[in-house]
Amino acid sequence: MNLSSILVQTSRNLKQTWGTQIMTLITVSLSVLIFSFFFLVFLNLKHAGVRLGENIRIIIYLNSEIPPSSQPQIIKKIKSFDKVEKIVFKTRDAAFADLAKQLGPDRDVLNDLNADFLPPSIEVYPAKNLASLARIKQFSDFLATLPKARKVQYGRGWIERLGYFTQLIRLIVLLSGGLLVLTATFMVSSTIRLTVVSRHTELELLGIFGASKGYIRIPLIIEGLLQGLLGSGLGLACLYFLFSWIKTRFTGPGLLNIIHFSFLSSSIITAILVISILLCTTGSIISIRKFLRI
Amino acid sequence: MDIHQAQTAIIEFIKVNKTYPPDVIALRDISFAVKAGEMIFLTGMSGAGKTTLLKLICALEHPTKGMVEVAGQDLSKSSHKELQHTRQKIGMAFQDFKLLPKLTVYQNIAMPMEVFYTPKRTIKDRINYLLDLLNLNGKENIKPEKLSRGEQQRVALARAAANYPPILLADEPTGNLDLENSKRVLKLFKQLNRAGTTLIIATHDQLVFEDHPNQTLELTQGKLVLKGSAAREINETLGEQT
């Protein structure tokens, strides 16, 4: 197989259907951009969740202290529901000491109070992953059923919202992934079909001259491969510019400061490129098998 | 190119019938053999079946009945790969030229050579030679639509002959040519034939075949009237088979 000959054939294909080629390139790029954008948001939220999860604890206020002999049983019960980092049992005295420590120079206000006015508690530190974070409501509901539990407290509102939002982004990632598969495969497939139709006489002549299947088909497959490579490359380049723009505009004090924006890793970029190339090449092969009758 | 296989039939038709749907009979019971290195003229009126016969040789059409054998290969039983190899041995100049309008004259002629990955230098030399021989000098970078019918016809012939094919089929090669250019085309055919190429030339131009009465096959309403060596050969072949 002669490379220059194949490249000449490929460039002829591209020249003859350049309008459609550009449309396909834009469509593939947009699909890759949409998918990788939401994937990037998802990954950053996941990292943010993990970071936030480091500071999360669920406090179970108790009616009375749990004797040390019963503590292993309680620990076993808590761990049966979900993974936890740490479980701390706090007596009334320990809670009082903590409060005094937090008040610092103002600890004098506690002087006239009894040390037993604070309830004993159990502090549960959930595992530092997003799955645990998303299940924190169910976890806290479960903890409320523990013996002697009076009230369960955690930063409820924003944790729930972050969990729901992350689930929504995960759904969008899946949908946009599906969109990428459809557009890459079908758009490239129709473009190759158009090439086959527009070059029908030439391809038929090549068959008459005794050209091998490879000589006729490989340029069409390369066409699909190029669409995948250039389309995903362009999409990822646009995503990088968008990412840089967002990072410059939105970092600093404010809500978004809790998120440390980071771009896709080189392995993910490579995976997106390879998958796009494979999808577009598949689209090309489907069209060749269906429409090329030589 | 070594294609000198004298006394061997390179093309053989045995009881070939071709009917186009619904019931248009193009060829009836055609049997003949062409030896390697022969030059055969296929004559007959328009619609006699000349083009169909040529298309059967390069497997662009398939017989309804009978057998077509080219270079030892039964075309109806050939695999795609075998068919591809057989077609590589055939150069075909179509009656409607089949030139690609988006390519230049040079690119059109180069096509069959590119299929064989012929070096660029060789392609250039061969094209320059053919353009010179067929009086097409200076036309290499022109698109076919800018050429006259006669010039287009000669480009189609140059393309068919470009690859030194062992078999060359030409459908009405002088149909649009004046006397001088017809002679140039005949010169090309004779040159190719001298080099060993087997030629089948479908024509109703008497100038082309008048000097070769023994090499003429005449088609009349799809039936073959054999003349010359081809008739003798097929009679011998069929006699051996029965």
# chains A, B, ... in the order shown; residues from 1 in each chain; ligands from 1
$ interface_residues --of "chain A" --to "chain B" --cutoff "10 Å" --atoms "only C-alpha atoms" --output "PDB file with C-alpha atoms, in the first residue's frame"
ATOM      1  CA  MET A   1       0.000   0.000   0.000  1.00  0.00           C
ATOM      2  CA  ASN A   2       1.468   3.341  -1.085  1.00  0.00           C
ATOM      3  CA  LEU A   3       1.003   6.123   1.473  1.00  0.00           C
ATOM      4  CA  SER A   4       1.301   9.082  -0.918  1.00  0.00           C
ATOM      5  CA  SER A   5      -1.263   7.532  -3.232  1.00  0.00           C
ATOM      6  CA  ILE A   6      -3.675   7.061  -0.331  1.00  0.00           C
ATOM      7  CA  VAL A   8      -3.800  11.925  -2.715  1.00  0.00           C
ATOM      8  CA  ARG A  12      -9.480  14.430  -3.383  1.00  0.00           C
ATOM      9  CA  GLN A  16     -14.885  17.299  -3.443  1.00  0.00           C
ATOM     10  CA  ARG A 199     -17.235  10.195  -6.407  1.00  0.00           C
ATOM     11  CA  THR A 201     -18.027   7.401 -11.210  1.00  0.00           C
ATOM     12  CA  GLU A 202     -14.421   7.703 -10.061  1.00  0.00           C
ATOM     13  CA  LEU A 205     -13.613   3.496 -12.661  1.00  0.00           C
ATOM     14  CA  LEU A 206     -11.036   2.509 -10.060  1.00  0.00           C
ATOM     15  CA  GLY A 207     -12.872  -0.811  -9.769  1.00  0.00           C
ATOM     16  CA  ILE A 208     -12.720  -1.225 -13.561  1.00  0.00           C
ATOM     17  CA  PHE A 209      -8.982  -0.490 -13.530  1.00  0.00           C
ATOM     18  CA  GLY A 210      -8.587  -3.328 -11.041  1.00  0.00           C
ATOM     19  CA  ALA A 211      -7.892  -1.242  -7.949  1.00  0.00           C
ATOM     20  CA  SER A 212      -7.817  -3.288  -4.755  1.00  0.00           C
ATOM     21  CA  LYS A 213     -10.506  -2.901  -2.095  1.00  0.00           C
ATOM     22  CA  TYR A 215      -6.951   1.275  -2.488  1.00  0.00           C
ATOM     23  CA  ILE A 216     -10.584   2.383  -2.736  1.00  0.00           C
ATOM     24  CA  ILE A 294     -17.431  -2.073  -5.838  1.00  0.00           C
TER      25      ILE A 294
END
$ residues_around --residues "Arg107 (chain A)" --least-positions-apart "6" --cutoff "12 Å" --atoms "only C-alpha atoms" --output "ChimeraX atom specification"
/A:96-101,113
$ residues_around --residues "Val225 (chain B)" --least-positions-apart "2" --cutoff "10 Å" --atoms "only C-alpha atoms" --output "list of chain:residue names"
B:Ile30, B:Phe32, B:Leu42, B:Thr43, B:Gly44, B:Thr216, B:Leu217, B:Glu218, B:Leu219, B:Thr220, B:Gly222, B:Lys223, B:Lys227, B:Ala231
$ select_by_dssp --residues "region 115-230 of chain A" --states "alpha helix (DSSP H)" --output "ChimeraX atom specification"
/A:130-134,136-143,156-198,200-208,213-230
$ closest_residue --among "A:Lys137, A:Ile192, A:Val173, A:Ser262" --to "Ile218 (chain A)" --atoms "only C-alpha atoms"
A:Ile192
$ closest_residue --among "B:Ser46, B:Gln152, B:Ser76, B:Gln215" --to "Phe94 (chain B)" --atoms "only C-alpha atoms"
B:Gln152
$ residues_around --residues "Val88 (chain A)" --least-positions-apart "6" --cutoff "10 Å" --atoms "only C-alpha atoms" --output "tab-separated table (two decimals) with C-alpha atoms, in the first residue's frame"
chain	number	residue	atom	x	y	z
A	59	ILE	CA	-23.32	15.13	65.27
A	71	GLN	CA	-19.75	1.75	72.26
A	75	ILE	CA	-19.80	1.61	66.11
A	121	SER	CA	-22.90	13.31	71.56
A	122	ILE	CA	-21.40	11.05	68.92
A	123	GLU	CA	-19.45	12.72	66.09
A	124	VAL	CA	-19.43	10.70	62.88
A	125	TYR	CA	-16.96	11.66	60.10
$ select_by_dssp --residues "region 96-245 of chain A" --states "strand (DSSP E or B)" --output "PyMOL selection string"
chain A and resi 121-126+149-153
$ decode --residues "region 28-59 of chain A" --atoms "N, CA and C atoms" --output "mmCIF file, in the first residue's frame"
data_model
loop_
_atom_site.group_PDB
_atom_site.id
_atom_site.type_symbol
_atom_site.label_atom_id
_atom_site.label_comp_id
_atom_site.auth_asym_id
_atom_site.auth_seq_id
_atom_site.Cartn_x
_atom_site.Cartn_y
_atom_site.Cartn_z
ATOM 1 N N VAL A 28 -18.952 17.468 15.092
ATOM 2 C CA VAL A 28 -18.164 16.577 15.966
ATOM 3 C C VAL A 28 -17.485 17.408 17.067
ATOM 4 N N SER A 29 -16.926 18.575 16.668
ATOM 5 C CA SER A 29 -16.252 19.443 17.652
ATOM 6 C C SER A 29 -17.232 19.876 18.741
ATOM 7 N N LEU A 30 -18.443 20.306 18.312
ATOM 8 C CA LEU A 30 -19.424 20.767 19.293
ATOM 9 C C LEU A 30 -19.829 19.635 20.235
ATOM 10 N N SER A 31 -20.014 18.447 19.672
ATOM 11 C CA SER A 31 -20.401 17.305 20.512
ATOM 12 C C SER A 31 -19.311 17.007 21.532
ATOM 13 N N VAL A 32 -18.060 17.026 21.062
ATOM 14 C CA VAL A 32 -16.940 16.768 21.984
ATOM 15 C C VAL A 32 -16.867 17.873 23.035
ATOM 16 N N LEU A 33 -17.085 19.130 22.589
ATOM 17 C CA LEU A 33 -17.035 20.271 23.515
ATOM 18 C C LEU A 33 -18.113 20.121 24.595
ATOM 19 N N ILE A 34 -19.356 19.824 24.164
ATOM 20 C CA ILE A 34 -20.462 19.697 25.129
ATOM 21 C C ILE A 34 -20.166 18.563 26.120
ATOM 22 N N PHE A 35 -19.780 17.425 25.575
ATOM 23 C CA PHE A 35 -19.514 16.274 26.450
ATOM 24 C C PHE A 35 -18.377 16.574 27.418
ATOM 25 N N SER A 36 -17.256 17.060 26.863
ATOM 26 C CA SER A 36 -16.081 17.244 27.728
ATOM 27 C C SER A 36 -16.301 18.392 28.720
ATOM 28 N N PHE A 37 -17.133 19.393 28.346
ATOM 29 C CA PHE A 37 -17.438 20.486 29.266
ATOM 30 C C PHE A 37 -18.140 19.942 30.523
ATOM 31 N N PHE A 38 -19.214 19.153 30.285
ATOM 32 C CA PHE A 38 -19.953 18.621 31.425
ATOM 33 C C PHE A 38 -19.118 17.601 32.205
ATOM 34 N N PHE A 39 -18.276 16.907 31.497
ATOM 35 C CA PHE A 39 -17.412 15.936 32.177
ATOM 36 C C PHE A 39 -16.422 16.676 33.084
ATOM 37 N N LEU A 40 -15.927 17.807 32.561
ATOM 38 C CA LEU A 40 -14.995 18.632 33.347
ATOM 39 C C LEU A 40 -15.697 19.198 34.586
ATOM 40 N N VAL A 41 -16.938 19.691 34.395
ATOM 41 C CA VAL A 41 -17.717 20.220 35.523
ATOM 42 C C VAL A 41 -17.925 19.108 36.554
ATOM 43 N N PHE A 42 -18.287 17.934 36.057
ATOM 44 C CA PHE A 42 -18.535 16.783 36.937
ATOM 45 C C PHE A 42 -17.289 16.444 37.756
ATOM 46 N N LEU A 43 -16.136 16.393 37.076
ATOM 47 C CA LEU A 43 -14.898 16.031 37.778
ATOM 48 C C LEU A 43 -14.536 17.077 38.822
ATOM 49 N N ASN A 44 -14.710 18.372 38.457
ATOM 50 C CA ASN A 44 -14.370 19.435 39.394
ATOM 51 C C ASN A 44 -15.305 19.431 40.601
ATOM 52 N N LEU A 45 -16.598 19.146 40.334
ATOM 53 C CA LEU A 45 -17.551 19.072 41.443
ATOM 54 C C LEU A 45 -17.209 17.904 42.359
ATOM 55 N N LYS A 46 -16.794 16.821 41.733
ATOM 56 C CA LYS A 46 -16.433 15.636 42.509
ATOM 57 C C LYS A 46 -15.254 15.951 43.433
ATOM 58 N N HIS A 47 -14.274 16.632 42.852
ATOM 59 C CA HIS A 47 -13.111 17.018 43.676
ATOM 60 C C HIS A 47 -13.530 17.965 44.788
ATOM 61 N N ALA A 48 -14.423 18.917 44.426
ATOM 62 C CA ALA A 48 -14.896 19.878 45.420
ATOM 63 C C ALA A 48 -15.626 19.138 46.540
ATOM 64 N N GLY A 49 -16.438 18.152 46.145
ATOM 65 C CA GLY A 49 -17.187 17.351 47.117
ATOM 66 C C GLY A 49 -16.252 16.637 48.065
ATOM 67 N N VAL A 50 -15.191 16.087 47.504
ATOM 68 C CA VAL A 50 -14.221 15.368 48.334
ATOM 69 C C VAL A 50 -13.563 16.334 49.319
ATOM 70 N N ARG A 51 -13.221 17.532 48.793
ATOM 71 C CA ARG A 51 -12.583 18.533 49.658
ATOM 72 C C ARG A 51 -13.518 18.969 50.792
ATOM 73 N N LEU A 52 -14.782 19.200 50.389
ATOM 74 C CA LEU A 52 -15.767 19.614 51.393
ATOM 75 C C LEU A 52 -16.038 18.490 52.392
ATOM 76 N N GLY A 53 -16.034 17.293 51.854
ATOM 77 C CA GLY A 53 -16.299 16.116 52.679
ATOM 78 C C GLY A 53 -15.292 15.964 53.801
ATOM 79 N N GLU A 54 -14.104 16.528 53.582
ATOM 80 C CA GLU A 54 -13.056 16.428 54.604
ATOM 81 C C GLU A 54 -13.473 17.143 55.896
ATOM 82 N N ASN A 55 -14.306 18.175 55.733
ATOM 83 C CA ASN A 55 -14.709 18.963 56.907
ATOM 84 C C ASN A 55 -16.089 18.573 57.445
ATOM 85 N N ILE A 56 -16.655 17.552 56.856
ATOM 86 C CA ILE A 56 -18.024 17.226 57.260
ATOM 87 C C ILE A 56 -18.048 16.256 58.440
ATOM 88 N N ARG A 57 -18.937 16.559 59.352
ATOM 89 C CA ARG A 57 -19.186 15.595 60.431
ATOM 90 C C ARG A 57 -20.675 15.665 60.760
ATOM 91 N N ILE A 58 -21.183 14.519 61.195
ATOM 92 C CA ILE A 58 -22.578 14.458 61.619
ATOM 93 C C ILE A 58 -22.562 14.301 63.137
ATOM 94 N N ILE A 59 -23.303 15.195 63.797
ATOM 95 C CA ILE A 59 -23.319 15.126 65.273
ATOM 96 C C ILE A 59 -24.666 14.545 65.726
#
